Amino acid sequence: MLLFLALVVVAAVRLYGLTGASLPDYDSVRNWQIVQEVATGNLTHLFHQGAPLFYLIFAPFVWLGGNFHVLQHVNSLLSVAAVGGLATFVGREARLSTWEMAGLALFIGTSVFLTFSGRDFTMNSGNLLVLAGLLRAYYHRLQAPSRQTLLRAAIWLMLGIGFNYRFLFTVPILVAFELLAADGLLLRRGNAWRVIGVLIAPFVVLGLMSLVAGLPLQRHWPAVYYGLIMRGEPNLAGNVGIFHFDLLYYVYFLCDFESPLVLLTLLVAPVLWRRELFQQLRQPNLVRYLAVWGYCFLAGMSLLIKAPRGLLLAYGVFYALAFLSLRRQVSGKGLAVLVLLAAGFNVYRIEREVYAYAPTNYPQVAAWLQNQQVDKLLSTIGQGVAPFVEPMPVAVITDEKQLPALRQQGYRYVLLDSYWRVAGVHRFDDVRRQPVVAAWPELQLISPLLFLEHSEYTGLTYHQTLARQQAAARDSFQLRLIRLD
């Protein structure tokens, strides 16, 4: 019962003010559009971002009616379920009391970034829910090696890969665990072939579905993977490649946005838990298990281009390790007080970094356009206005040089959406000098977290990204409507 109450609090934290917010980024709006396509039987973009299960799972909610907020809320509740799954797994294996398990859920659930990412419409929430299942299933495989436990873990891995290509980052960690266990289970009596069969099953089934639907080869699942990995051409922000070695990006982020206990734990855990971490390596224990997951994610992501979501699958693990470390030093009422204070500090940061930027003015833009009887609109890079003006078509432009041709096609208005600042696409100098017919602030577009989430796209460092955010915050209006003459 206490765990349920803690999750209700987490749900309230995740959902607070969400009905007055917009979809915060380009990917969220694009996912909303694709889910609507899939709901009508159009599978053209089913494998966008290697996430077919995400679109197939959410498509039925479109049939139930309602606007994009319905999908946004359901997705947010998935992230709450993920917190419950992780807290339950850690609580049972660590033999936590009922109130300790509830405290753990509250501590994990008030993570600033997990709250921020739990309010969008991306694969993040589903990834976390599947990860909780994988963590539990694979730990049981290590504790009780058998074909059954191995295949159960493989099923969770298969679901994760079907939910988003980023789940592939778990594979090297699982390989490391297999090498550490050294029990030969994977190679015994055809188990490897069974695991491979489980993992490729969705590729086969959905690949056949693609063929029946007549999708061109470049839109099939393997082709999408190839396009995501082989980034040979610079993107619109001029960034190219996927590697960028930086050991401090995530250290800065954890220090500035997450509980101080998390970063402190990562620094002292090798000493505090030295016996559990470094002795009897072939015997599984919960602390070593969580530490391998957490530190491997931190080390691996430090080699790649950076964004806070790079550690998406590690934040919950970090918080669980921090809780267990705190519990080792403090017990009883002292632990309860410290956990409540830590969760309260997280909520303070959530208010400052998430809620403060949530209210949207896109509905005011939509109302103005309706009053002027505008029937189609251009927008610079961002398409946050699209859900509010539906079914009006919104065409995204990536360069002001596109405007003359679009003007001939009947477009009369362009929304100078400052998402171009977030994405680092500086190709609208002339448009910015044009007379403005209406303007509104849009706080989400000056959010530090939103800017940092796009540092993977821009290729900028942590401090370079925040410098751009601070420059953008000095602008009075983020949404400017310009009439094309």
# chains A, B, ... in the order shown; residues from 1 in each chain; ligands from 1
>>> closest_atom_pairs(of="segment 297-363 of chain A", to="segment 222-241 of chain A", cutoff="12 Å", atoms="only C-alpha atoms", output="CSV")
residue,atom,partner,partner_atom,distance
A:Leu303,CA,A:Gly241,CA,11.7
A:Leu304,CA,A:Gly241,CA,9.0
A:Ile305,CA,A:Gly241,CA,8.1
A:Lys306,CA,A:Gly241,CA,11.7
>>> write_last_selection(atoms="all heavy atoms", output="mmCIF file, in the first residue's frame")
data_model
loop_
_atom_site.group_PDB
_atom_site.id
_atom_site.type_symbol
_atom_site.label_atom_id
_atom_site.label_comp_id
_atom_site.auth_asym_id
_atom_site.auth_seq_id
_atom_site.Cartn_x
_atom_site.Cartn_y
_atom_site.Cartn_z
ATOM 1 N N LEU A 303 31.823 8.191 -24.532
ATOM 2 C CA LEU A 303 32.530 8.088 -25.807
ATOM 3 C C LEU A 303 31.720 8.643 -26.971
ATOM 4 O O LEU A 303 32.266 8.907 -28.038
ATOM 5 C CB LEU A 303 32.878 6.630 -26.100
ATOM 6 C CG LEU A 303 33.739 5.896 -25.067
ATOM 7 C CD1 LEU A 303 33.896 4.439 -25.461
ATOM 8 C CD2 LEU A 303 35.093 6.562 -24.926
ATOM 9 N N LEU A 304 30.411 8.813 -26.779
ATOM 10 C CA LEU A 304 29.520 9.195 -27.870
ATOM 11 C C LEU A 304 29.103 10.653 -27.748
ATOM 12 O O LEU A 304 29.366 11.312 -26.734
ATOM 13 C CB LEU A 304 28.278 8.294 -27.869
ATOM 14 C CG LEU A 304 28.539 6.779 -27.943
ATOM 15 C CD1 LEU A 304 27.227 6.018 -27.869
ATOM 16 C CD2 LEU A 304 29.295 6.427 -29.212
ATOM 17 N N ILE A 305 28.445 11.176 -28.791
ATOM 18 C CA ILE A 305 27.894 12.524 -28.707
ATOM 19 C C ILE A 305 26.891 12.568 -27.559
ATOM 20 O O ILE A 305 26.183 11.601 -27.297
ATOM 21 C CB ILE A 305 27.250 12.935 -30.042
ATOM 22 C CG1 ILE A 305 26.308 11.844 -30.574
ATOM 23 C CG2 ILE A 305 28.305 13.283 -31.064
ATOM 24 C CD1 ILE A 305 25.641 12.196 -31.871
ATOM 25 N N LYS A 306 26.817 13.708 -26.892
ATOM 26 C CA LYS A 306 26.179 13.786 -25.580
ATOM 27 C C LYS A 306 24.813 14.455 -25.604
ATOM 28 O O LYS A 306 24.571 15.424 -26.323
ATOM 29 C CB LYS A 306 27.070 14.556 -24.613
ATOM 30 C CG LYS A 306 28.504 14.087 -24.528
ATOM 31 C CD LYS A 306 28.608 12.722 -23.864
ATOM 32 C CE LYS A 306 30.052 12.309 -23.722
ATOM 33 N NZ LYS A 306 30.702 12.094 -25.034
#
>>> residues_around(residues="Ala299 of chain A", least_positions_apart="2", cutoff="12 Å", atoms="only C-alpha atoms", output="JSON, numbers by chain")
{"A": [169, 172, 173, 245, 246, 247, 248, 249, 250, 251, 291, 292, 293, 294, 295, 296, 297, 301, 302, 303, 304, 310, 311, 314]}
>>> write_last_selection(atoms="C-alpha atoms", output="PDB file, in the first residue's frame")
ATOM      1  CA  PHE A 169      23.240  -0.200 -25.881  1.00  0.00           C
ATOM      2  CA  PRO A 172      27.486  -4.959 -24.623  1.00  0.00           C
ATOM      3  CA  ILE A 173      26.643  -4.865 -20.905  1.00  0.00           C
ATOM      4  CA  PHE A 245      34.897  11.734 -26.016  1.00  0.00           C
ATOM      5  CA  ASP A 246      34.033  13.849 -22.964  1.00  0.00           C
ATOM      6  CA  LEU A 247      34.315  12.482 -19.419  1.00  0.00           C
ATOM      7  CA  LEU A 248      32.849  15.552 -17.717  1.00  0.00           C
ATOM      8  CA  TYR A 249      29.585  16.239 -19.601  1.00  0.00           C
ATOM      9  CA  TYR A 250      27.508  13.890 -17.462  1.00  0.00           C
ATOM     10  CA  VAL A 251      29.376  14.856 -14.297  1.00  0.00           C
ATOM     11  CA  ALA A 291      27.047  -0.898 -10.416  1.00  0.00           C
ATOM     12  CA  VAL A 292      28.062  -2.726 -13.595  1.00  0.00           C
ATOM     13  CA  TRP A 293      24.951  -1.442 -15.355  1.00  0.00           C
ATOM     14  CA  GLY A 294      25.441   2.108 -14.125  1.00  0.00           C
ATOM     15  CA  TYR A 295      29.177   2.525 -14.640  1.00  0.00           C
ATOM     16  CA  CYS A 296      29.116   0.773 -18.026  1.00  0.00           C
ATOM     17  CA  PHE A 297      26.445   3.173 -19.267  1.00  0.00           C
ATOM     18  CA  MET A 301      28.075   7.176 -23.258  1.00  0.00           C
ATOM     19  CA  SER A 302      31.129   9.284 -22.467  1.00  0.00           C
ATOM     20  CA  LEU A 303      32.530   8.088 -25.807  1.00  0.00           C
ATOM     21  CA  LEU A 304      29.520   9.195 -27.870  1.00  0.00           C
ATOM     22  CA  GLY A 310      22.269   9.200 -23.218  1.00  0.00           C
ATOM     23  CA  LEU A 311      22.065   8.024 -19.595  1.00  0.00           C
ATOM     24  CA  ALA A 314      21.076   4.576 -15.971  1.00  0.00           C
TER      25      ALA A 314
END
>>> residues_around(residues="segment 103-111 of chain A", least_positions_apart="2", cutoff="9 Å", atoms="only C-alpha atoms", output="compact mmCIF listing (two decimals) with N, CA and C atoms, in the first residue's frame")
# COMPACT_ATOMS: atom_id res chain seq x y z
N LEU A 2 1.95 1.26 0.80
CA LEU A 2 2.83 2.43 0.84
C LEU A 2 3.50 2.65 -0.51
N LEU A 3 3.88 1.55 -1.18
CA LEU A 3 4.49 1.68 -2.51
C LEU A 3 3.49 2.30 -3.48
N ALA A 6 3.29 5.96 -2.83
CA ALA A 6 4.48 6.64 -3.35
C ALA A 6 4.38 6.83 -4.85
N LEU A 7 3.88 5.82 -5.55
CA LEU A 7 3.74 5.92 -7.00
C LEU A 7 2.65 6.93 -7.39
N VAL A 9 2.16 9.67 -5.74
CA VAL A 9 2.88 10.94 -5.63
C VAL A 9 3.75 11.17 -6.85
N VAL A 10 4.45 10.11 -7.27
CA VAL A 10 5.30 10.22 -8.47
C VAL A 10 4.44 10.57 -9.69
N ALA A 11 3.28 9.94 -9.81
CA ALA A 11 2.39 10.25 -10.94
C ALA A 11 1.94 11.70 -10.89
N VAL A 13 3.61 14.19 -9.62
CA VAL A 13 4.77 14.99 -10.01
C VAL A 13 4.93 14.98 -11.54
N ARG A 14 4.75 13.81 -12.14
CA ARG A 14 4.92 13.71 -13.60
C ARG A 14 3.81 14.42 -14.37
N SER A 79 6.05 5.74 -17.53
CA SER A 79 7.28 6.04 -16.80
C SER A 79 7.08 5.83 -15.31
N VAL A 80 5.88 6.08 -14.81
CA VAL A 80 5.59 5.82 -13.40
C VAL A 80 5.61 4.32 -13.13
N VAL A 83 9.12 3.17 -12.74
CA VAL A 83 9.64 3.43 -11.40
C VAL A 83 9.19 2.35 -10.43
N GLY A 84 7.92 1.99 -10.52
CA GLY A 84 7.40 0.93 -9.65
C GLY A 84 8.08 -0.40 -9.91
N LEU A 86 11.16 -0.95 -11.14
CA LEU A 86 12.54 -0.92 -10.65
C LEU A 86 12.58 -0.96 -9.12
N ALA A 87 11.73 -0.17 -8.47
CA ALA A 87 11.71 -0.16 -7.00
C ALA A 87 11.32 -1.52 -6.43
N THR A 88 10.38 -2.19 -7.08
CA THR A 88 9.97 -3.52 -6.63
C THR A 88 11.11 -4.51 -6.76
N VAL A 90 14.46 -3.93 -6.93
CA VAL A 90 15.54 -3.63 -5.99
C VAL A 90 15.08 -3.90 -4.56
N GLY A 91 13.84 -3.54 -4.24
CA GLY A 91 13.33 -3.74 -2.89
C GLY A 91 13.30 -5.20 -2.49
N THR A 98 8.63 -2.38 3.74
CA THR A 98 7.59 -1.76 2.91
C THR A 98 7.82 -0.27 2.75
N TRP A 99 8.13 0.40 3.86
CA TRP A 99 8.31 1.86 3.77
C TRP A 99 9.61 2.20 3.04
N GLU A 100 10.63 1.36 3.16
CA GLU A 100 11.87 1.60 2.43
C GLU A 100 11.66 1.48 0.93
N MET A 101 10.87 0.50 0.52
CA MET A 101 10.58 0.35 -0.90
C MET A 101 9.81 1.56 -1.43
N PHE A 113 15.63 14.58 -14.45
CA PHE A 113 15.58 14.24 -15.86
C PHE A 113 14.50 13.21 -16.17
N LEU A 114 14.32 12.22 -15.28
CA LEU A 114 13.26 11.24 -15.53
C LEU A 114 11.89 11.89 -15.52
N THR A 115 11.73 12.93 -14.70
CA THR A 115 10.47 13.68 -14.72
C THR A 115 10.32 14.44 -16.03
N PHE A 116 11.37 15.13 -16.44
CA PHE A 116 11.35 15.87 -17.70
C PHE A 116 11.05 14.95 -18.89
N PHE A 257 21.70 19.15 -12.05
CA PHE A 257 20.28 18.85 -12.20
C PHE A 257 19.76 17.71 -11.33
N GLU A 258 20.60 16.80 -10.90
CA GLU A 258 20.10 15.66 -10.13
C GLU A 258 20.47 15.77 -8.65
N SER A 259 20.00 14.82 -7.86
CA SER A 259 20.28 14.82 -6.43
C SER A 259 21.79 14.74 -6.18
N TYR A 315 19.75 6.41 -15.01
CA TYR A 315 19.36 7.28 -13.88
C TYR A 315 18.70 6.50 -12.76
N GLY A 316 17.78 5.64 -13.08
CA GLY A 316 17.12 4.84 -12.04
C GLY A 316 18.10 3.97 -11.30
N VAL A 317 19.05 3.38 -12.02
CA VAL A 317 20.09 2.55 -11.39
C VAL A 317 20.94 3.41 -10.46
N PHE A 318 21.32 4.60 -10.91
CA PHE A 318 22.11 5.50 -10.06
C PHE A 318 21.37 5.81 -8.77
N TYR A 319 20.08 6.13 -8.89
CA TYR A 319 19.29 6.46 -7.70
C TYR A 319 19.14 5.26 -6.78
N ALA A 320 18.99 4.08 -7.33
CA ALA A 320 18.90 2.87 -6.50
C ALA A 320 20.20 2.64 -5.74
N PHE A 323 20.40 5.14 -2.93
CA PHE A 323 19.52 4.76 -1.82
C PHE A 323 20.15 3.65 -0.99
N LEU A 324 20.65 2.61 -1.64
CA LEU A 324 21.26 1.50 -0.92
C LEU A 324 22.50 1.95 -0.15
N ALA A 336 14.59 7.65 6.75
CA ALA A 336 13.32 8.19 6.24
C ALA A 336 13.41 9.70 6.06
N VAL A 339 15.72 10.58 3.04
CA VAL A 339 15.08 10.29 1.76
C VAL A 339 14.02 11.32 1.43
N LEU A 340 13.22 11.70 2.43
CA LEU A 340 12.19 12.72 2.19
C LEU A 340 12.81 14.07 1.85
N ALA A 342 15.76 14.48 0.43
CA ALA A 342 16.34 14.34 -0.91
C ALA A 342 15.26 14.43 -1.98
N ALA A 343 14.12 13.76 -1.76
CA ALA A 343 13.02 13.83 -2.72
C ALA A 343 12.46 15.24 -2.79
N GLY A 344 12.37 15.91 -1.63
CA GLY A 344 11.89 17.29 -1.62
C GLY A 344 12.81 18.22 -2.39
N ASN A 346 14.68 17.32 -4.88
CA ASN A 346 14.43 17.00 -6.29
C ASN A 346 13.21 17.75 -6.81
N VAL A 347 12.14 17.76 -6.02
CA VAL A 347 10.91 18.44 -6.44
C VAL A 347 11.17 19.93 -6.60
N ILE A 350 12.72 20.25 -9.84
CA ILE A 350 11.72 20.01 -10.88
C ILE A 350 10.88 21.26 -11.11
>>> closest_atom_pairs(of="segment 99-198 of chain A", to="segment 20-29 of chain A", cutoff="7 Å", atoms="only C-alpha atoms", output="CSV")
residue,atom,partner,partner_atom,distance
A:Asp120,CA,A:Leu23,CA,6.0
A:Phe121,CA,A:Ser28,CA,4.6
A:Thr122,CA,A:Ser28,CA,5.4
>>> write_last_selection(atoms="C-alpha atoms", output="mmCIF file, in the first residue's frame")
data_model
loop_
_atom_site.group_PDB
_atom_site.id
_atom_site.type_symbol
_atom_site.label_atom_id
_atom_site.label_comp_id
_atom_site.auth_asym_id
_atom_site.auth_seq_id
_atom_site.Cartn_x
_atom_site.Cartn_y
_atom_site.Cartn_z
ATOM 1 C CA ASP A 120 7.224 14.081 -23.642
ATOM 2 C CA PHE A 121 5.931 11.662 -26.258
ATOM 3 C CA THR A 122 9.027 9.655 -27.093
#
>>> atom_distance(atom1="atom CA of Ala51 of chain A", atom2="atom CA of Thr398 of chain A")
25.0 Å
>>> closest_residue(among="A:Arg119, A:Arg349, A:Arg433, A:Arg136", to="Leu71 of chain A", atoms="only C-alpha atoms")
A:Arg119
>>> select_by_dssp(residues="segment 226-332 of chain A", states="alpha helix (DSSP H)", output="VMD selection string")
chain A and resid 226 to 229 249 to 257 260 to 272 274 to 278 286 to 301 312 to 329 332
>>> closest_residue(among="A:Gly65, A:Pro404, A:Pro284, A:Pro202", to="Leu180 of chain A", atoms="only C-alpha atoms")
A:Pro284
>>> residues_around(residues="segment 138-155 of chain A", least_positions_apart="2", cutoff="8 Å", atoms="only C-alpha atoms", output="PyMOL selection string")
chain A and resi 134-136+157-159+181+185-186+191+194-195+198-199+284+289
>>> residues_around(residues="Arg30 of chain A", least_positions_apart="3", cutoff="12 Å", atoms="only C-alpha atoms", output="mmCIF file with N, CA, C and O atoms, in the first residue's frame")
data_model
loop_
_atom_site.group_PDB
_atom_site.id
_atom_site.type_symbol
_atom_site.label_atom_id
_atom_site.label_comp_id
_atom_site.auth_asym_id
_atom_site.auth_seq_id
_atom_site.Cartn_x
_atom_site.Cartn_y
_atom_site.Cartn_z
ATOM 1 N N LEU A 23 3.806 19.505 -26.659
ATOM 2 C CA LEU A 23 4.807 18.467 -26.897
ATOM 3 C C LEU A 23 6.144 19.183 -27.030
ATOM 4 O O LEU A 23 6.301 20.070 -27.882
ATOM 5 N N PRO A 24 7.140 18.844 -26.210
ATOM 6 C CA PRO A 24 8.287 19.736 -26.033
ATOM 7 C C PRO A 24 9.311 19.750 -27.146
ATOM 8 O O PRO A 24 10.127 20.668 -27.206
ATOM 9 N N ASP A 25 9.316 18.759 -28.028
ATOM 10 C CA ASP A 25 10.397 18.698 -29.019
ATOM 11 C C ASP A 25 9.883 18.158 -30.345
ATOM 12 O O ASP A 25 8.755 17.659 -30.448
ATOM 13 N N TYR A 26 10.725 18.260 -31.343
ATOM 14 C CA TYR A 26 10.364 17.823 -32.689
ATOM 15 C C TYR A 26 9.995 16.349 -32.723
ATOM 16 O O TYR A 26 9.013 15.948 -33.359
ATOM 17 N N ASP A 27 10.788 15.511 -32.027
ATOM 18 C CA ASP A 27 10.538 14.068 -32.058
ATOM 19 C C ASP A 27 9.181 13.723 -31.458
ATOM 20 O O ASP A 27 8.498 12.814 -31.944
ATOM 21 N N GLN A 33 2.419 12.297 -34.863
ATOM 22 C CA GLN A 33 1.947 12.207 -36.243
ATOM 23 C C GLN A 33 2.016 10.772 -36.760
ATOM 24 O O GLN A 33 1.085 10.288 -37.431
ATOM 25 N N ILE A 34 3.098 10.069 -36.454
ATOM 26 C CA ILE A 34 3.270 8.699 -36.950
ATOM 27 C C ILE A 34 2.268 7.759 -36.297
ATOM 28 O O ILE A 34 1.721 6.863 -36.955
ATOM 29 N N VAL A 35 2.012 7.945 -35.010
ATOM 30 C CA VAL A 35 1.010 7.107 -34.331
ATOM 31 C C VAL A 35 -0.348 7.276 -35.005
ATOM 32 O O VAL A 35 -1.097 6.296 -35.188
ATOM 33 N N GLN A 36 -0.683 8.495 -35.393
ATOM 34 C CA GLN A 36 -1.952 8.720 -36.096
ATOM 35 C C GLN A 36 -1.959 8.013 -37.451
ATOM 36 O O GLN A 36 -2.984 7.461 -37.870
ATOM 37 N N GLU A 37 -0.810 8.036 -38.149
ATOM 38 C CA GLU A 37 -0.719 7.323 -39.423
ATOM 39 C C GLU A 37 -0.943 5.828 -39.228
ATOM 40 O O GLU A 37 -1.719 5.195 -39.965
ATOM 41 N N HIS A 45 5.973 5.007 -41.923
ATOM 42 C CA HIS A 45 7.020 5.408 -40.973
ATOM 43 C C HIS A 45 7.038 4.513 -39.728
ATOM 44 O O HIS A 45 7.476 4.946 -38.659
ATOM 45 N N LEU A 46 6.589 3.279 -39.873
ATOM 46 C CA LEU A 46 6.506 2.377 -38.723
ATOM 47 C C LEU A 46 7.859 2.169 -38.049
ATOM 48 O O LEU A 46 7.930 1.997 -36.826
ATOM 49 N N HIS A 48 10.417 4.309 -37.963
ATOM 50 C CA HIS A 48 11.111 5.546 -37.626
ATOM 51 C C HIS A 48 11.800 5.388 -36.274
ATOM 52 O O HIS A 48 11.198 4.937 -35.296
ATOM 53 N N GLN A 49 13.083 5.719 -36.223
ATOM 54 C CA GLN A 49 13.914 5.587 -35.024
ATOM 55 C C GLN A 49 13.954 4.144 -34.502
ATOM 56 O O GLN A 49 14.228 3.909 -33.322
ATOM 57 N N TYR A 55 4.960 2.580 -31.792
ATOM 58 C CA TYR A 55 3.847 3.069 -32.617
ATOM 59 C C TYR A 55 2.673 2.098 -32.614
ATOM 60 O O TYR A 55 1.506 2.518 -32.583
ATOM 61 N N PHE A 68 -3.711 15.144 -28.429
ATOM 62 C CA PHE A 68 -2.385 14.572 -28.153
ATOM 63 C C PHE A 68 -2.111 14.413 -26.671
ATOM 64 O O PHE A 68 -1.269 13.606 -26.262
ATOM 65 N N ASP A 120 7.227 13.908 -22.192
ATOM 66 C CA ASP A 120 7.224 14.081 -23.642
ATOM 67 C C ASP A 120 6.417 12.956 -24.290
ATOM 68 O O ASP A 120 5.658 12.251 -23.615
ATOM 69 N N PHE A 121 6.565 12.794 -25.583
ATOM 70 C CA PHE A 121 5.931 11.662 -26.258
ATOM 71 C C PHE A 121 6.976 10.964 -27.117
ATOM 72 O O PHE A 121 6.908 10.941 -28.339
ATOM 73 N N THR A 122 7.980 10.433 -26.444
ATOM 74 C CA THR A 122 9.027 9.655 -27.093
ATOM 75 C C THR A 122 9.045 8.259 -26.497
ATOM 76 O O THR A 122 8.203 7.914 -25.669
ATOM 77 N N MET A 123 10.041 7.468 -26.892
ATOM 78 C CA MET A 123 10.145 6.093 -26.436
ATOM 79 C C MET A 123 10.758 5.966 -25.041
ATOM 80 O O MET A 123 10.912 4.858 -24.512
ATOM 81 N N GLY A 382 10.968 23.919 -35.866
ATOM 82 C CA GLY A 382 10.053 23.297 -34.911
ATOM 83 C C GLY A 382 8.653 23.155 -35.469
ATOM 84 O O GLY A 382 8.222 23.928 -36.326
ATOM 85 N N GLN A 383 7.926 22.171 -34.928
ATOM 86 C CA GLN A 383 6.526 22.006 -35.322
ATOM 87 C C GLN A 383 5.644 21.843 -34.085
ATOM 88 O O GLN A 383 4.633 21.153 -34.108
ATOM 89 N N GLY A 384 6.036 22.533 -33.007
ATOM 90 C CA GLY A 384 5.264 22.463 -31.776
ATOM 91 C C GLY A 384 3.845 22.980 -31.917
ATOM 92 O O GLY A 384 2.955 22.587 -31.161
ATOM 93 N N VAL A 385 3.612 23.857 -32.906
ATOM 94 C CA VAL A 385 2.275 24.402 -33.099
ATOM 95 C C VAL A 385 1.337 23.395 -33.759
ATOM 96 O O VAL A 385 0.104 23.530 -33.660
ATOM 97 N N ALA A 386 1.880 22.378 -34.415
ATOM 98 C CA ALA A 386 1.072 21.471 -35.238
ATOM 99 C C ALA A 386 -0.093 20.821 -34.488
ATOM 100 O O ALA A 386 -1.220 20.781 -35.003
ATOM 101 N N PRO A 387 0.101 20.272 -33.276
ATOM 102 C CA PRO A 387 -1.031 19.638 -32.597
ATOM 103 C C PRO A 387 -2.165 20.607 -32.262
ATOM 104 O O PRO A 387 -3.304 20.179 -32.076
ATOM 105 N N VAL A 394 1.057 22.093 -41.458
ATOM 106 C CA VAL A 394 2.199 22.904 -41.030
ATOM 107 C C VAL A 394 3.434 22.358 -41.729
ATOM 108 O O VAL A 394 3.827 21.207 -41.510
ATOM 109 N N VAL A 396 7.394 22.436 -42.270
ATOM 110 C CA VAL A 396 8.617 22.848 -41.594
ATOM 111 C C VAL A 396 9.648 23.255 -42.638
ATOM 112 O O VAL A 396 9.921 22.515 -43.588
#
>>> residues_around(residues="Asn361 of chain A", least_positions_apart="5", cutoff="7 Å", atoms="only C-alpha atoms", output="list in words")
Trp440, Pro441 and Glu442 of chain A
>>> residues_around(residues="Gln329 of chain A", least_positions_apart="3", cutoff="12 Å", atoms="only C-alpha atoms", output="mmCIF file with N, CA and C atoms, in the first residue's frame")
data_model
loop_
_atom_site.group_PDB
_atom_site.id
_atom_site.type_symbol
_atom_site.label_atom_id
_atom_site.label_comp_id
_atom_site.auth_asym_id
_atom_site.auth_seq_id
_atom_site.Cartn_x
_atom_site.Cartn_y
_atom_site.Cartn_z
ATOM 1 N N THR A 265 27.487 9.196 -4.613
ATOM 2 C CA THR A 265 27.523 7.738 -4.613
ATOM 3 C C THR A 265 28.437 7.205 -5.700
ATOM 4 N N LEU A 272 33.038 2.331 -0.695
ATOM 5 C CA LEU A 272 31.987 1.942 0.242
ATOM 6 C C LEU A 272 31.559 0.491 0.041
ATOM 7 N N TRP A 273 31.534 0.036 -1.203
ATOM 8 C CA TRP A 273 31.064 -1.316 -1.522
ATOM 9 C C TRP A 273 32.204 -2.189 -2.068
ATOM 10 N N ALA A 322 22.351 4.935 -4.930
ATOM 11 C CA ALA A 322 22.450 5.996 -3.923
ATOM 12 C C ALA A 322 21.603 5.658 -2.701
ATOM 13 N N PHE A 323 20.398 5.137 -2.934
ATOM 14 C CA PHE A 323 19.520 4.764 -1.816
ATOM 15 C C PHE A 323 20.149 3.652 -0.986
ATOM 16 N N LEU A 324 20.647 2.612 -1.644
ATOM 17 C CA LEU A 324 21.257 1.498 -0.916
ATOM 18 C C LEU A 324 22.500 1.951 -0.147
ATOM 19 N N SER A 325 23.256 2.875 -0.727
ATOM 20 C CA SER A 325 24.445 3.392 -0.051
ATOM 21 C C SER A 325 24.058 4.208 1.177
ATOM 22 N N LEU A 326 23.014 5.017 1.042
ATOM 23 C CA LEU A 326 22.530 5.797 2.171
ATOM 24 C C LEU A 326 21.998 4.882 3.269
ATOM 25 N N GLY A 332 16.541 3.408 9.968
ATOM 26 C CA GLY A 332 15.385 3.847 10.726
ATOM 27 C C GLY A 332 14.869 5.211 10.326
ATOM 28 N N GLY A 334 16.185 8.091 10.685
ATOM 29 C CA GLY A 334 17.181 8.933 10.017
ATOM 30 C C GLY A 334 17.164 8.739 8.518
ATOM 31 N N LEU A 335 17.051 7.482 8.083
ATOM 32 C CA LEU A 335 16.973 7.197 6.651
ATOM 33 C C LEU A 335 15.714 7.803 6.049
ATOM 34 N N LEU A 338 16.133 11.577 5.655
ATOM 35 C CA LEU A 338 17.057 11.930 4.581
ATOM 36 C C LEU A 338 16.440 11.683 3.206
#
>>> closest_residue(among="A:Glu178, A:Glu353, A:Asp417, A:Asp399", to="Leu377 of chain A", atoms="only C-alpha atoms")
A:Asp417
